[in-house]
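Enquirer: Take a look at this one; I'll ask things after.
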Amino acid sequence: MVDSTSVTVAPRLRVIGPGRAGGALALALGRAGWTVAAPLGRGDDVTGAAQGVDLLVVATPDAAIAGVTASVEPDEQTVVAHLSGALGLDVLAPHPRRAAVHPLMALPDAETGATRLAAGGWFAVAGEPIAPRVVDDLGGRWFHVADDNRAAYHAAAAIASNHLVALLGQVERVAGSIGVPPEAYLDLARGSLDDVAARGPAAALTGPVARGDWDTVRRHLAALDPVERPAYVALAAAARRLVDADGLPDDIAGEGE
């Protein structure tokens, strides 16, 4: 078995669960020079999956990781890892060498995911040194997240990605209701993200909530379908906290209830 921290010897990888994330990782590391063993999927016998490889990645849904991992016979030389952002290393018992590598990016399919994994993105790692080695070999950037902090870390990831998509879904509904193409707002959103990157959220915030223009906010709420108002008010309150801890006027806050 090779030294998994060596930069001169290509490690050997096997993936259990070659779906979007597992398949993407196998493709990306194979292209980076790793030796990739045949993957194991649903219905395969995983008992000996840890044998003959340096890193075994269990890339199943979070709820299945503990059960699948427990079905694998431990190998003292092999690191067993998962790709979950929310789970700690305890779900990888009884394996003595454990790691976690969570790509902080969306992996919609194996091919697109492999490209994104090798594009210099961010990863959260934990456990054995082979975890940052994975990221280094992909040309990415990594940071450690302790087990106690992984739920908060993953919540922030959901807000940054999933909630942003949901927010743009609201833009699509509101804009579409008056015949304005939603695409017209995408450059506005991209510019705001660029401003956050350059200045930070508080300095990047503009608009009526930032300047306390409550009459305009009330006109917004009057124009919105009632089902859209709670999300608007919740995000307006979050925006206001960036510039004023006192929050929203009571009548506006009440529209979110």
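Lettering and numbering for the structure tokens are positional, with chains as A, B, ... in the shown order, residues counted from 1 in each chain, and ligands counted from 1 in the shown order.
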Name the residues in contact with Gly19 (chain A) at a cut-off of 9 Å, using only C-alpha atoms, excluding same-chain residues fewer than 4 positions from it; report them as a PDB file with N, CA and C atoms, in the first residue's frame.
Expert:
ATOM      1  N   GLY A  23     -19.345   9.420  -9.351  1.00  0.00           N
ATOM      2  CA  GLY A  23     -18.867   9.298 -10.726  1.00  0.00           C
ATOM      3  C   GLY A  23     -17.993  10.464 -11.133  1.00  0.00           C
ATOM      4  N   ALA A  24     -18.380  11.661 -10.710  1.00  0.00           N
ATOM      5  CA  ALA A  24     -17.578  12.848 -11.023  1.00  0.00           C
ATOM      6  C   ALA A  24     -16.194  12.755 -10.392  1.00  0.00           C
ATOM      7  N   GLY A  41     -21.869  -0.530  -7.244  1.00  0.00           N
ATOM      8  CA  GLY A  41     -23.156   0.143  -7.177  1.00  0.00           C
ATOM      9  C   GLY A  41     -24.183  -0.649  -6.421  1.00  0.00           C
ATOM     10  N   ALA A  59     -19.977   7.083  -1.717  1.00  0.00           N
ATOM     11  CA  ALA A  59     -20.655   8.235  -2.308  1.00  0.00           C
ATOM     12  C   ALA A  59     -22.148   7.979  -2.450  1.00  0.00           C
ATOM     13  N   THR A  60     -22.744   7.430  -1.412  1.00  0.00           N
ATOM     14  CA  THR A  60     -24.172   7.166  -1.389  1.00  0.00           C
ATOM     15  C   THR A  60     -24.909   8.354  -0.773  1.00  0.00           C
ATOM     16  N   ASP A 109     -24.155  16.181 -12.980  1.00  0.00           N
ATOM     17  CA  ASP A 109     -23.925  14.884 -13.617  1.00  0.00           C
ATOM     18  C   ASP A 109     -22.440  14.606 -13.553  1.00  0.00           C
ATOM     19  N   ALA A 110     -22.051  13.367 -13.868  1.00  0.00           N
ATOM     20  CA  ALA A 110     -20.659  12.965 -13.666  1.00  0.00           C
ATOM     21  C   ALA A 110     -19.696  13.772 -14.535  1.00  0.00           C
TER      22      ALA A 110
END
Enquirer: Tell me, which residues of region 109-230 of chain A carry DSSP helix (DSSP H, G or I), written as JSON, numbers by chain?
Expert: {"A": [110, 111, 112, 113, 114, 115, 116, 117, 130, 131, 132, 133, 134, 135, 136, 137, 138, 147, 148, 149, 150, 151, 152, 153, 154, 155, 156, 157, 158, 159, 160, 161, 162, 163, 164, 165, 166, 167, 168, 169, 170, 171, 172, 173, 174, 175, 176, 182, 183, 184, 185, 186, 187, 188, 189, 190, 191, 192, 193, 194, 195, 196, 197, 198, 199, 201, 202, 203, 204, 208, 209, 210, 211, 214, 215, 216, 217, 218, 219, 220, 221, 222, 223, 226, 227, 228, 229, 230]}
Enquirer: For region 228-231 of chain A, please output as a ChimeraX atom specification all residues within 7 Å (counting only C-alpha atoms; exclusion window: fewer than 3 positions along the same chain).
Expert: /A:221,224-225,234-235,255-257
Enquirer: Write out as number ranges by chain each polymer residue whose atoms come within 7 Å of Val101 (chain A), counting only C-alpha atoms; drop sequence neighbours fewer than 5 positions from it.
Expert: A: 82-83, 123-126, 131
Enquirer: Where does DSSP see strand (DSSP E or B) in region 49-165 of chain A, if you list the residues as a VMD selection string?
Expert: chain A and resid 55 to 58 79 to 82 98 to 103 122 to 127 141 to 144
Enquirer: Quick one: residues within 10 Å of Arg116 (chain A), only C-alpha atoms counted, chain neighbours fewer than 5 positions away excluded, as a PDB file with C-alpha atoms, in the first residue's frame?
Expert:
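Generated file (result.pdb):
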ATOM      1  CA  ALA A  24     -17.578  12.848 -11.023  1.00  0.00           C
ATOM      2  CA  LEU A  25     -14.849  12.224  -8.441  1.00  0.00           C
ATOM      3  CA  ALA A  28     -11.698  13.750 -12.155  1.00  0.00           C
ATOM      4  CA  PRO A 103     -16.940  19.604  -2.859  1.00  0.00           C
ATOM      5  CA  MET A 105     -20.121  23.033  -5.692  1.00  0.00           C
ATOM      6  CA  ALA A 106     -23.074  21.593  -7.574  1.00  0.00           C
ATOM      7  CA  LEU A 107     -22.411  18.325  -9.436  1.00  0.00           C
ATOM      8  CA  ALA A 110     -20.659  12.965 -13.666  1.00  0.00           C
ATOM      9  CA  GLU A 111     -19.096  14.670 -16.693  1.00  0.00           C
ATOM     10  CA  GLY A 121     -13.018  25.125  -6.491  1.00  0.00           C
ATOM     11  CA  LEU A 138      -7.507  18.282  -8.457  1.00  0.00           C
ATOM     12  CA  GLY A 140      -8.541  22.933  -5.731  1.00  0.00           C
TER      13      GLY A 140
END
Enquirer: Would you mind telling me which residue in A:His95, A:His154, A:His144, A:Arg14 lies nearest to Asp75 (chain A) when using only C-alpha atoms?
Expert: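 Between A:His95, A:His154, A:His144, A:Arg14, the residue approaching Asp75 (chain A) most closely is A:His95.
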Enquirer: Determine the nearest neighbour of Asp244 (chain A) from the options A:Gly52, A:Arg12, A:Asp187, A:Ala210, counting only C-alpha atoms.
Expert: A:Ala210
Enquirer: Pick out the residues sitting within 9 Å of Pro39 (chain A), and hand them over as a list of chain:residue names; count only C-alpha atoms, and ignore anything fewer than 4 positions along from it in its own chain.
Expert: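 After dropping sequence-adjacent residues, the list is A:Arg14, A:Val15, A:Ile16, A:Gly17, A:Pro18, A:Gly22, A:Gly23, A:Ala26.
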Enquirer: Given the selection you just returned, output its residues as a file containing N, CA and C atoms, formatted as a PDB file, in the first residue's frame.
Expert:
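Saved as again_7.pdb:
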ATOM      1  N   ARG A  14     -11.300   3.561  -5.095  1.00  0.00           N
ATOM      2  CA  ARG A  14     -12.530   2.872  -5.468  1.00  0.00           C
ATOM      3  C   ARG A  14     -13.703   3.672  -4.922  1.00  0.00           C
ATOM      4  N   VAL A  15     -14.794   3.699  -5.681  1.00  0.00           N
ATOM      5  CA  VAL A  15     -15.994   4.420  -5.286  1.00  0.00           C
ATOM      6  C   VAL A  15     -17.148   3.439  -5.134  1.00  0.00           C
ATOM      7  N   ILE A  16     -17.850   3.551  -4.019  1.00  0.00           N
ATOM      8  CA  ILE A  16     -19.138   2.870  -3.857  1.00  0.00           C
ATOM      9  C   ILE A  16     -20.217   3.927  -4.084  1.00  0.00           C
ATOM     10  N   GLY A  17     -21.015   3.724  -5.127  1.00  0.00           N
ATOM     11  CA  GLY A  17     -22.049   4.704  -5.458  1.00  0.00           C
ATOM     12  C   GLY A  17     -21.596   5.628  -6.569  1.00  0.00           C
ATOM     13  N   PRO A  18     -21.416   5.097  -7.795  1.00  0.00           N
ATOM     14  CA  PRO A  18     -20.900   5.918  -8.895  1.00  0.00           C
ATOM     15  C   PRO A  18     -21.976   6.758  -9.567  1.00  0.00           C
ATOM     16  N   GLY A  22     -20.070  10.604  -6.901  1.00  0.00           N
ATOM     17  CA  GLY A  22     -19.051   9.561  -6.959  1.00  0.00           C
ATOM     18  C   GLY A  22     -18.485   9.381  -8.342  1.00  0.00           C
ATOM     19  N   GLY A  23     -19.345   9.420  -9.351  1.00  0.00           N
ATOM     20  CA  GLY A  23     -18.867   9.298 -10.726  1.00  0.00           C
ATOM     21  C   GLY A  23     -17.993  10.464 -11.133  1.00  0.00           C
ATOM     22  N   ALA A  26     -14.535  10.040  -9.469  1.00  0.00           N
ATOM     23  CA  ALA A  26     -13.742   9.004 -10.123  1.00  0.00           C
ATOM     24  C   ALA A  26     -13.180   9.496 -11.454  1.00  0.00           C
TER      25      ALA A  26
END
Enquirer: What is the CA of Val165 (chain A) to CA of Leu193 (chain A) distance in Å?
Expert: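 Pair CA of Val165 (chain A) / CA of Leu193 (chain A) returns 13.5 Å.
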Enquirer: In Å, rounded to a single decimal, give me how far CA of Ala118 (chain A) is from CA of Ala81 (chain A).
Expert: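 The value is 19.0 Å.
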Enquirer: Which of these, A:Gln51, A:Val91, A:Gly120, A:Thr112, has the shortest distance to Ile65 (chain A) once you count only C-alpha atoms?
Expert: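 Selected residue with least distance to Ile65 (chain A): A:Val91.
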Enquirer: Which is closest to Glu128 (chain A) among A:Glu183, A:Asp54, A:Asp62, A:Asp148, if we use only C-alpha atoms?
Expert: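 Selected residue with least distance to Glu128 (chain A): A:Asp54.
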Enquirer: Using only C-alpha atoms for the distances, tell me which of A:Ala197, A:Leu92, A:Ala32, A:Leu104 is nearest to Ala70 (chain A).
Expert: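 Once distances to Ala70 (chain A) are computed over only C-alpha atoms, the minimum belongs to A:Leu92.
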Enquirer: Residues at most 12 Å from region 199-208 of chain A, counting only C-alpha atoms, excluding those fewer than 3 positions away in the same chain, as an MDAnalysis selection string?
Expert: chainID A and resid 188:189 191:196 211:220 236:244 248
